[in-house]
Amino acid sequence: MSQTAALPATFADETSPAERVRGYWGTVGYRLRHDPVTLFFGAIVLLIVLMAIFAPLLAPFDPYKESVVLRLKPWGYRGHTLGTDELGRDLLSRLIYGARSSLLMGLVPVAIATFLGGTLGVIGGYAGRRVNAVIMRTMDVFYAFPSVLLAVAISGAMGGGMVNGMTALALVFIPAMCRVAETATAQVRSLDFIEAARATGAGTLTIVRYHVLGNVLGPVFIYASSLVSVSILLASGLSFLGLGVKPPTPDWGLMLSTLRQSIYVVPLSCALPGAAIFVTSICFNLVSDGIRSAMDVRL
Amino acid sequence: MSATADQRDIGGPAQPLLIARNLAKHFAARGASKSARVRAVDDVSFTLFKGETLGIVGESGCGKSTLARLLLHLIQRDSGELIFDGEPVGAPRGITVAALRRNVQMVFQDSYSSLNPRMPVQDSVAFGPFVHGRRKSEARRAARDMLVKVGLNPDLFGPRYPHELSGGQKQRVNIARALAIEPRMVILDEAVSALDKSVEAQVLNLLRALKQQFNLTYLFISHDLNVVRYISDRVLVMYLGRVVELGPSEAIFIQPLHPYTRALLGSQPSMDPAHRIEQPPVTGDPPSPIDPPSGCRFHPRCPFAEPVCAQRSPELGAWRERDSHVAACHMLDPASGHSKAMQ
């Protein structure tokens, strides 16, 4: 009794550290803002996105304008800062425009898969038993095929084009996403704090929203961000086979595959689309790394 | 506080807060044949009076925690009846499970896993009031008040995450979490067992103080006999899913009736070296609850076992009053035919 009575009196003397009155997401935001590495690479991601949005303003030339005379010119030739491609189109302009389709092909399928796969995984992991078995065995069917083959098969069946390509990629990513979310949910579900939350009389949705999601979103986000670069690469594979982005639309993956034949003529130019994909995916990975450590409050 | 407690008190102080009648929970045994059932809780009946602390003791695996979860409807009972303050739980004319949970809360043994690792502890405490319709800011204020009551400075500890607290502090938070929705009864499932001795004593004293302050009724589950003796008014002894003895705390500790209770008390090392026993009081492991022994479940380990013990299951004597001391043993029943039953 003496403790409970004595303590409030001492509280008044202490100056309260007001800076720490924030919830979980507030803490995550605070930690992100104080992480220079993540901020730096986040800024690069933002620049790439802005570059894609404002491509018409930034590109020095028309990315579709072909010229027989200007084929495969080196860097800096007559104002073409990064040279030209095999059809005489300005490479810098095509790289800038290429960010549009590459980012779309990288982000949209992952976003769709994260939402659908994540939802299915959380449902399966939380409900357990039959529901879980039905969802996860269905996902296992997709696991039977290698992801590239599956993407090719799906978009081949639906026909080419960007929308079909994105749908195919989303379908390829859903099972893996679902599994990540299911594992994380099932792990959290068995802990006492979920039982304690049930004991307070909270409904399933409230528990999932306040107690499950915070613990599941971490691994899901990490996995999603690592999928972005995979998605860009798979999309370029589809484009290469004529199933994704159709030429002459500028796309990094497509550019990589068409410039491939000229690698002995203009080796530096050939590497450019690859470098763009590399920089974009490494930035996404580093940002997701930063988000992961910001979300893990134990670190 | 007492005014609100009176409002919620339907049947008056004489009416038991909780009556459990013939509660049973059997689990399907994994890896065994289809018909094998783990009889985790089998035919358990007891009465919990308002304002008392009922201690539940027994070996690991005797069904204490299953019983606790049954009482809160965290798992469904197979059969039996629960009556909370005169109203059957889950029955058409009684109170709902939701209403039961508003009145009964639980503190778990593992203080770490019973707090959300990604939630500041004040938000964990505030979750209960929030679920029961308070606004977020109100709920947080209530949570901070409750943290003060369990002896934690809310400015210092409220925004922390569970991993930043010690075991004792975490268990204080768990107690605050349980009390935040102002329950009338708290189930403490091995709540102090994982704490070291000095912290355990602090938390026990805190629990006593809070019981006074909030008019609480405790169901205190533990395997630690000293702790149970210290905190309990009455004690219930469980063995393999059954109640073997029930009575006032002092009576049970001074004059245990059931051979199992005697063995359990005998298993504590005496403070006096001259009185230390050479032989273990009970030998062997408790039998598997999948296929429990016939008759009295303790008979394979009981030094006084006779044929009647294997044939018939002894009845727990009739307990009508608070102070009655009963045990389920043939030696206490003159009609049983046990040779020692004639005393």
# chains A, B, ... in the order shown; residues from 1 in each chain; ligands from 1

call {"tool": "interface_residues", "arguments": {"of": "chain B", "to": "chain A", "cutoff": "6 Å", "atoms": "only C-alpha atoms", "output": "list of chain:residue names"}}
result
B:Ala98, B:Arg101, B:Ser113, B:Ser114, B:Leu115, B:Asn116, B:Met119, B:Gly128, B:Val131, B:Lys149, B:Gly151, B:Asp155, B:Pro159, B:Ala209

call {"tool": "residues_around", "arguments": {"residues": "Thr280 in chain A", "least_positions_apart": "5", "cutoff": "9 Å", "atoms": "only C-alpha atoms", "output": "VMD selection string"}}
result
chain A and resid 44 to 45 48 103 229 275 285

call {"tool": "write_last_selection", "arguments": {"atoms": "N, CA and C atoms", "output": "mmCIF file, in the first residue's frame"}}
result
data_model
loop_
_atom_site.group_PDB
_atom_site.id
_atom_site.type_symbol
_atom_site.label_atom_id
_atom_site.label_comp_id
_atom_site.auth_asym_id
_atom_site.auth_seq_id
_atom_site.Cartn_x
_atom_site.Cartn_y
_atom_site.Cartn_z
ATOM 1 N N ILE A 44 16.609 9.756 -53.112
ATOM 2 C CA ILE A 44 16.903 9.303 -54.480
ATOM 3 C C ILE A 44 15.661 8.654 -55.103
ATOM 4 N N VAL A 45 14.971 7.807 -54.302
ATOM 5 C CA VAL A 45 13.735 7.196 -54.803
ATOM 6 C C VAL A 45 12.764 8.289 -55.223
ATOM 7 N N ILE A 48 13.730 9.774 -58.496
ATOM 8 C CA ILE A 48 13.399 8.906 -59.628
ATOM 9 C C ILE A 48 11.911 9.024 -59.952
ATOM 10 N N LEU A 103 8.858 1.984 -63.252
ATOM 11 C CA LEU A 103 8.326 2.161 -61.901
ATOM 12 C C LEU A 103 6.927 1.566 -61.790
ATOM 13 N N SER A 229 12.363 -4.638 -56.964
ATOM 14 C CA SER A 229 13.404 -4.804 -57.976
ATOM 15 C C SER A 229 13.194 -6.085 -58.776
ATOM 16 N N ALA A 275 22.109 -0.059 -65.229
ATOM 17 C CA ALA A 275 22.491 0.771 -64.090
ATOM 18 C C ALA A 275 21.264 1.434 -63.482
ATOM 19 N N ASN A 285 15.608 -1.150 -51.763
ATOM 20 C CA ASN A 285 16.024 -2.096 -50.732
ATOM 21 C C ASN A 285 16.558 -1.390 -49.494
#

call {"tool": "residues_around", "arguments": {"residues": "Pro289 in chain B", "least_positions_apart": "4", "cutoff": "8 Å", "atoms": "only C-alpha atoms", "output": "list in words"}}
result
Val38, Arg39, Ala40, Leu240 and Gly241 of chain B

call {"tool": "write_last_selection", "arguments": {"atoms": "N, CA and C atoms", "output": "tab-separated table (two decimals), in the first residue's frame"}}
result
chain	number	residue	atom	x	y	z
B	38	VAL	N	-7.56	-35.75	-23.93
B	38	VAL	CA	-6.86	-35.26	-22.76
B	38	VAL	C	-7.91	-34.65	-21.84
B	39	ARG	N	-8.06	-35.25	-20.67
B	39	ARG	CA	-9.07	-34.72	-19.75
B	39	ARG	C	-8.41	-33.62	-18.91
B	40	ALA	N	-8.29	-32.45	-19.51
B	40	ALA	CA	-7.55	-31.36	-18.86
B	40	ALA	C	-8.29	-30.88	-17.62
B	240	LEU	N	-4.71	-33.77	-11.66
B	240	LEU	CA	-5.14	-34.36	-12.93
B	240	LEU	C	-6.55	-33.93	-13.34
B	241	GLY	N	-6.78	-32.64	-13.33
B	241	GLY	CA	-8.05	-32.14	-13.82
B	241	GLY	C	-9.21	-32.21	-12.85

call {"tool": "atom_distance", "arguments": {"atom1": "CA of Met105 in chain A", "atom2": "CA of Ile232 in chain A"}}
result
5.9 Å

call {"tool": "residues_around", "arguments": {"residues": "range 217-223 of chain A", "least_positions_apart": "6", "cutoff": "12 Å", "atoms": "only C-alpha atoms", "output": "PyMOL selection string"}}
result
(chain A and resi 25+28+110-111+113-119+121-122+173-174+176-185+187-188+208-211+229-230+284-297) or (chain B and resi 118)

call {"tool": "residues_around", "arguments": {"residues": "Leu100 in chain B", "least_positions_apart": "3", "cutoff": "8 Å", "atoms": "only C-alpha atoms", "output": "VMD selection string"}}
result
chain B and resid 72 84 89 95 to 97 103 to 104

call {"tool": "atom_distance", "arguments": {"atom1": "CA of Leu213 in chain A", "atom2": "CA of Tyr161 in chain B"}}
result
16.8 Å
